[in-house]
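> Questions regarding the structure given below will be posed in turn.
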Amino acid sequence: MKTKKKKNILGIILVIIDFIALTCFFLAYGPISYFRDLLVTTAMTTMNHRYFAYVLYSEEQVDKILDNNRIIESGESTDTTYINFNPDFENNNYESIYEEQILKKDEGNDIYKLIDIEGDSWKGYMVVVYNPANLKLVFSSDYGRGGDFISTMAKEKNAYVAINASGVQTSIGRNPVTGTAILDGKVYAKGRDINKGGGLIGFTKDNVLMLSKKTAKEAIEDGMDRAVEFGPFLIVNGKASEFKGNGGWGIANRTAIGQRQDGIVLLVVIDGRQSGSVGISMVELTELFQRYKAYNAANLDGGGSSVLYAKRTLDGEGELINNPVGYGYEGERRLPNAWMILPDEIEGDENNGD
């Protein structure tokens with residue numbers, strides 16, 4: 001009797017395994033392209049897990065999927081004259097809930113505001129920075145060779161807010177920086193090419209968020225003061241990038257930065273690869289910035305690098321706000337630098353470029 005019962009259980013287990021295998025096969029090779037496109041585009045936009053796409057598909061198939069799912073940037077650089085630094089904090093007749101979230105400051109905090117945001121399959125956070133002059137680029141002491149946890153860097157600086165900036169090429173024991181960085185108008189060591197569209201993402205001396213496809217030397221001549229290199233650009237001069245298929249980036253954790261025409265800066269960190277928040281696509285990320293009236297916006301390094309550290313109140317304790325998750329691990333990775341708001345370098349609550 002026991003033997004027969006064991007055989008029945010084994011039979012049920014085998015049926016379940018067969019069903020799962022057939023379902024996976026159907027999703028990977030069936031007539032519906034959505035899951036196939038999502039799998040390949042998600043894998044191919046990571047630095048170290050592109051091999052997964054080639055396990056299931058030939059190089060020709062991968063190239064075809066990527067061509068059918070990509071972002072088409074405008075090719076423009078930021079025209080800084082369109083940022084006017086005139087937020088209307090006095091008008092309480094908000095045209096939308098998004099405007100109210102941005103313009104209605106938290107009591108006792110004229111420097112920034114932390115907002116919980118969410119979509120159909122993702123959850124995340126937006127930090128509203130009222131004066132972009134207060135947003136600094138801070139390097140790890142091991143910049144160029146490795147890095148440090150953003151939370152550690154932020155605590156050392158007693159930062160109000162910190163998010164990840166430059167990308168990294170992860171390796172065992174080392175996380176060297178990718179792309180170029182600019183600090184105080186000086187070009188820093190160029191790491192591995194990132195090949196992710198976009199270009200230089202940073203601020204001019206007048207605190208306008210500049211997205212530039214020029215060389216670092218040319219961008220500095222245009223007034224760029226502090227910047228990192230990543231992409232893609234999502235919105236340039238009020239014009240959103242175009243998307244073919246799912247945009248070619250799959251769904252993942254994301255960090256991004258934008259600026260409205262009134263000068264207010266929006267820092268976005270979206271959780272991914274976890275229960276309750278699988279991640280966000282580039283299409284959704286662009287639409288998010290459009291809802292909050294970003295005039296220029298760009299994607300920063302995401303995945304396991306997406307980190308937000310903040311003090312929920314100016315006199316509170318700093319904490320890791322989001323839940324960083326990489327492939328096969330949970331928690332922060334060491335990163336080369338961060339965008340931070342530092343108490344010792346606050347330039348007042350006026351939102352202007354002076």
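In the structure tokens, chains take the letters A, B, ... in the order shown, each chain's residues start at 1, and ligands count up from 1 in the order shown.
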Counting only C-alpha atoms, give me one row per residue of region 109-210 of chain A with an atom at most 6 Å from an atom of region 249-269 of chain A, showing the shortest contact pair and its distance in Å to one decimal, sorted by chain then residue number, as CSV.


residue,atom,partner,partner_atom,distance
A:Gly124,CA,A:Val269,CA,5.6
A:Tyr125,CA,A:Val269,CA,5.4
A:Met126,CA,A:Val268,CA,4.5
A:Val127,CA,A:Leu267,CA,5.0
A:Val128,CA,A:Leu266,CA,5.0
A:Val129,CA,A:Val265,CA,5.0
A:Tyr130,CA,A:Ile264,CA,5.0

> As a PyMOL selection string, please: the residues near Tyr98 (chain A) (cut-off 7 Å, only C-alpha atoms, same-chain neighbours under 4 positions excluded).

chain A and resi 102+291-292

> Using only N, CA and C atoms, please write the residues we just selected to a file, as a PDB file, in the first residue's frame.


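Done, and the output landed in out38.pdb:
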ATOM      1  N   ILE A 102       5.563  67.178  -5.867  1.00  0.00           N
ATOM      2  CA  ILE A 102       6.824  67.873  -6.097  1.00  0.00           C
ATOM      3  C   ILE A 102       6.887  69.200  -5.342  1.00  0.00           C
ATOM      4  N   ARG A 291       5.476  62.196 -16.305  1.00  0.00           N
ATOM      5  CA  ARG A 291       4.395  62.553 -15.378  1.00  0.00           C
ATOM      6  C   ARG A 291       4.825  63.653 -14.418  1.00  0.00           C
ATOM      7  N   TYR A 292       6.107  63.626 -14.049  1.00  0.00           N
ATOM      8  CA  TYR A 292       6.621  64.614 -13.100  1.00  0.00           C
ATOM      9  C   TYR A 292       7.301  65.793 -13.806  1.00  0.00           C
TER      10      TYR A 292
END

> When DSSP is applied to the backbone of this structure, which of region 44-262 of chain A are assigned helix (DSSP H, G or I)? Write them out as a PDB file with C-alpha atoms, in the first residue's frame.


ATOM      1  CA  MET A  44      21.931  41.564 -22.625  1.00  0.00           C
ATOM      2  CA  TYR A  51      25.794  34.551 -21.601  1.00  0.00           C
ATOM      3  CA  PHE A  52      22.316  33.528 -20.420  1.00  0.00           C
ATOM      4  CA  ALA A  53      20.753  34.757 -23.663  1.00  0.00           C
ATOM      5  CA  TYR A  54      23.195  32.703 -25.720  1.00  0.00           C
ATOM      6  CA  VAL A  55      22.423  29.573 -23.732  1.00  0.00           C
ATOM      7  CA  LEU A  56      18.920  29.594 -25.223  1.00  0.00           C
ATOM      8  CA  GLU A  59      23.863  34.877 -31.909  1.00  0.00           C
ATOM      9  CA  GLU A  60      21.724  35.606 -34.963  1.00  0.00           C
ATOM     10  CA  GLN A  61      18.499  35.201 -32.959  1.00  0.00           C
ATOM     11  CA  VAL A  62      19.811  37.446 -30.161  1.00  0.00           C
ATOM     12  CA  ASP A  63      20.831  40.148 -32.643  1.00  0.00           C
ATOM     13  CA  LYS A  64      17.391  40.035 -34.275  1.00  0.00           C
ATOM     14  CA  ILE A  65      15.596  40.317 -30.919  1.00  0.00           C
ATOM     15  CA  LEU A  66      17.790  43.257 -29.889  1.00  0.00           C
ATOM     16  CA  ASP A  67      17.135  45.021 -33.194  1.00  0.00           C
ATOM     17  CA  ASN A  68      13.375  44.638 -32.684  1.00  0.00           C
ATOM     18  CA  THR A  80      20.754  74.698 -20.936  1.00  0.00           C
ATOM     19  CA  THR A  81      18.923  77.948 -21.727  1.00  0.00           C
ATOM     20  CA  TYR A  82      15.543  76.238 -21.275  1.00  0.00           C
ATOM     21  CA  ILE A  97      -1.199  64.906  -7.752  1.00  0.00           C
ATOM     22  CA  TYR A  98       2.298  64.716  -9.251  1.00  0.00           C
ATOM     23  CA  GLU A  99       2.711  68.494  -9.104  1.00  0.00           C
ATOM     24  CA  GLU A 100       1.521  68.506  -5.508  1.00  0.00           C
ATOM     25  CA  GLN A 101       4.031  65.802  -4.601  1.00  0.00           C
ATOM     26  CA  ILE A 102       6.824  67.873  -6.097  1.00  0.00           C
ATOM     27  CA  LEU A 103       5.941  71.413  -5.033  1.00  0.00           C
ATOM     28  CA  PRO A 132      20.461  71.464  -7.698  1.00  0.00           C
ATOM     29  CA  ALA A 133      23.496  73.340  -6.362  1.00  0.00           C
ATOM     30  CA  ASN A 134      23.212  71.072  -3.323  1.00  0.00           C
ATOM     31  CA  ILE A 150      27.095  53.929  -0.784  1.00  0.00           C
ATOM     32  CA  SER A 151      25.722  53.710   2.765  1.00  0.00           C
ATOM     33  CA  THR A 152      29.268  53.688   4.158  1.00  0.00           C
ATOM     34  CA  MET A 153      30.293  56.679   2.048  1.00  0.00           C
ATOM     35  CA  ALA A 154      27.108  58.532   3.022  1.00  0.00           C
ATOM     36  CA  LYS A 155      27.575  57.904   6.748  1.00  0.00           C
ATOM     37  CA  GLU A 156      31.176  59.116   6.580  1.00  0.00           C
ATOM     38  CA  LYS A 157      29.959  62.354   5.005  1.00  0.00           C
ATOM     39  CA  ALA A 216      34.537  65.100 -21.768  1.00  0.00           C
ATOM     40  CA  LYS A 217      36.846  67.917 -22.877  1.00  0.00           C
ATOM     41  CA  GLU A 218      34.138  69.421 -25.099  1.00  0.00           C
ATOM     42  CA  ALA A 219      31.503  69.077 -22.357  1.00  0.00           C
ATOM     43  CA  ILE A 220      33.753  70.908 -19.893  1.00  0.00           C
ATOM     44  CA  GLU A 221      34.188  73.692 -22.444  1.00  0.00           C
TER      45      GLU A 221
END

> Write out as a list in words each polymer residue whose atoms come within 12 Å of Lys214 (chain A), counting only C-alpha atoms; drop sequence neighbours fewer than 4 positions from it.

Gly75, Glu76, Ser77, Thr78, Thr180, Gly198, Gly199, Leu200, Ile201, Met210, Glu218, Ala219, Ile220, Glu221, Asp222, Met224 and Glu229 of chain A

> With C-alpha atoms kept, could you save the residues just selected as a short mmCIF file (atom, residue, chain, number, x, y, z; two decimals), in the first residue's frame?


data_model
loop_
_atom_site.label_atom_id
_atom_site.label_comp_id
_atom_site.auth_asym_id
_atom_site.auth_seq_id
_atom_site.Cartn_x
_atom_site.Cartn_y
_atom_site.Cartn_z
CA GLY A 75 20.91 62.46 -30.62
CA GLU A 76 20.65 65.93 -29.07
CA SER A 77 22.50 67.39 -26.11
CA THR A 78 20.85 69.57 -23.48
CA THR A 180 34.40 58.74 -17.87
CA GLY A 198 23.54 58.04 -23.51
CA GLY A 199 26.79 59.84 -22.75
CA LEU A 200 27.84 62.29 -20.07
CA ILE A 201 25.22 62.95 -17.37
CA MET A 210 23.37 68.51 -18.89
CA GLU A 218 34.14 69.42 -25.10
CA ALA A 219 31.50 69.08 -22.36
CA ILE A 220 33.75 70.91 -19.89
CA GLU A 221 34.19 73.69 -22.44
CA ASP A 222 30.35 73.86 -22.54
CA MET A 224 30.00 70.85 -17.39
CA GLU A 229 28.97 58.53 -18.15
#

> Which residue gives the smallest distance to Ala297 (chain A) among A:Leu320, A:Leu335, A:Ala310, A:Leu211, with only C-alpha atoms counted?

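Under the stated criterion, the closest residue is A:Leu211.
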
> Measuring between only C-alpha atoms, which one of A:Pro336, A:Gly147, A:Gly119, A:Gly318 shows the shortest distance to Ser281 (chain A)?

A:Gly119

> Fewer than 5 positions away in the same chain doesn't count, so skip those; otherwise give me all residues within 10 Å of Ser305 (chain A), counting only C-alpha atoms, as a ChimeraX atom specification.

/A:149-150,163-168,170,253-255,300,324-326,331-335

> Using N, CA and C atoms, can you write the selected residues to a file as a short mmCIF file (atom, residue, chain, number, x, y, z; two decimals), in the first residue's frame?


data_model
loop_
_atom_site.label_atom_id
_atom_site.label_comp_id
_atom_site.auth_asym_id
_atom_site.auth_seq_id
_atom_site.Cartn_x
_atom_site.Cartn_y
_atom_site.Cartn_z
N PHE A 149 30.63 50.79 -0.28
CA PHE A 149 29.17 50.82 -0.19
C PHE A 149 28.70 52.26 -0.10
N ILE A 150 27.63 52.57 -0.81
CA ILE A 150 27.09 53.93 -0.78
C ILE A 150 26.70 54.32 0.63
N ILE A 163 22.70 58.52 -3.83
CA ILE A 163 22.36 57.46 -4.79
C ILE A 163 23.60 57.12 -5.60
N ASN A 164 23.59 55.96 -6.21
CA ASN A 164 24.72 55.53 -7.04
C ASN A 164 24.86 56.41 -8.28
N ALA A 165 26.08 56.55 -8.77
CA ALA A 165 26.36 57.43 -9.90
C ALA A 165 26.98 56.65 -11.06
N SER A 166 28.31 56.54 -11.13
CA SER A 166 28.95 55.82 -12.24
C SER A 166 28.62 54.33 -12.22
N GLY A 167 28.77 53.70 -13.38
CA GLY A 167 28.59 52.25 -13.47
C GLY A 167 29.86 51.53 -13.06
N VAL A 168 29.74 50.21 -12.88
CA VAL A 168 30.89 49.39 -12.51
C VAL A 168 30.93 48.13 -13.37
N THR A 170 31.62 44.59 -12.54
CA THR A 170 31.79 43.76 -11.35
C THR A 170 32.75 42.61 -11.62
N ASN A 253 15.99 46.54 -11.72
CA ASN A 253 16.18 47.65 -10.79
C ASN A 253 16.74 48.82 -11.60
N ARG A 254 16.37 50.03 -11.25
CA ARG A 254 16.86 51.18 -12.00
C ARG A 254 17.20 52.34 -11.05
N THR A 255 18.21 53.12 -11.46
CA THR A 255 18.47 54.42 -10.88
C THR A 255 18.50 55.42 -12.03
N LEU A 300 20.80 55.87 -15.10
CA LEU A 300 22.10 55.60 -14.50
C LEU A 300 22.26 54.10 -14.32
N PRO A 324 18.62 46.78 -2.26
CA PRO A 324 19.46 46.41 -3.41
C PRO A 324 19.52 44.89 -3.59
N VAL A 325 19.30 44.45 -4.83
CA VAL A 325 19.32 43.02 -5.14
C VAL A 325 20.04 42.81 -6.47
N GLY A 326 21.03 41.96 -6.47
CA GLY A 326 21.72 41.58 -7.71
C GLY A 326 21.35 40.17 -8.10
N GLY A 331 21.79 42.86 -1.13
CA GLY A 331 22.60 43.82 -0.39
C GLY A 331 23.43 44.67 -1.32
N GLU A 332 24.12 45.64 -0.75
CA GLU A 332 24.89 46.60 -1.55
C GLU A 332 26.12 45.96 -2.20
N ARG A 333 26.52 46.54 -3.33
CA ARG A 333 27.82 46.24 -3.92
C ARG A 333 28.70 47.49 -3.80
N ARG A 334 29.99 47.29 -3.89
CA ARG A 334 30.91 48.43 -3.78
C ARG A 334 30.88 49.23 -5.08
N LEU A 335 30.74 50.55 -4.94
CA LEU A 335 30.56 51.43 -6.08
C LEU A 335 31.56 52.59 -6.04
#

> Kindly give the distance, in Å, that separates CA of Asn246 (chain A) and CA of Ala298 (chain A), rounded to a single decimal.

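Going from CA of Asn246 (chain A) over to CA of Ala298 (chain A), I get 17.1 Å.
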
> If you run DSSP on the backbone here, which positions in region 82-300 of chain A get strand (DSSP E or B)? Please write them as a ChimeraX atom specification.

/A:112-118,123-129,135-139,148,161-164,168,171,174,177-178,181-183,186-188,192,199-204,209-212,224-230,233-236,239-240,242-244,252,254-260,265-270,274,277,280,294-300

> Pick out the closest residue to Gln290 (chain A) from this set: A:Lys244, A:Lys239, A:Lys311, A:Arg226. Count only C-alpha atoms.

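Closest to Gln290 (chain A) of all the choices is A:Lys239.
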
> Between CA of Val236 (chain A) and CA of Ala181 (chain A), what is the distance in Å, rounded to a tenth?

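So the two atoms, CA of Val236 (chain A) and CA of Ala181 (chain A), lie 20.1 Å apart.
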
> By how many Å are CA of Ser121 (chain A) and CA of Ser74 (chain A) apart?

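Answer for the CA of Ser121 (chain A) to CA of Ser74 (chain A) separation: 28.1 Å.
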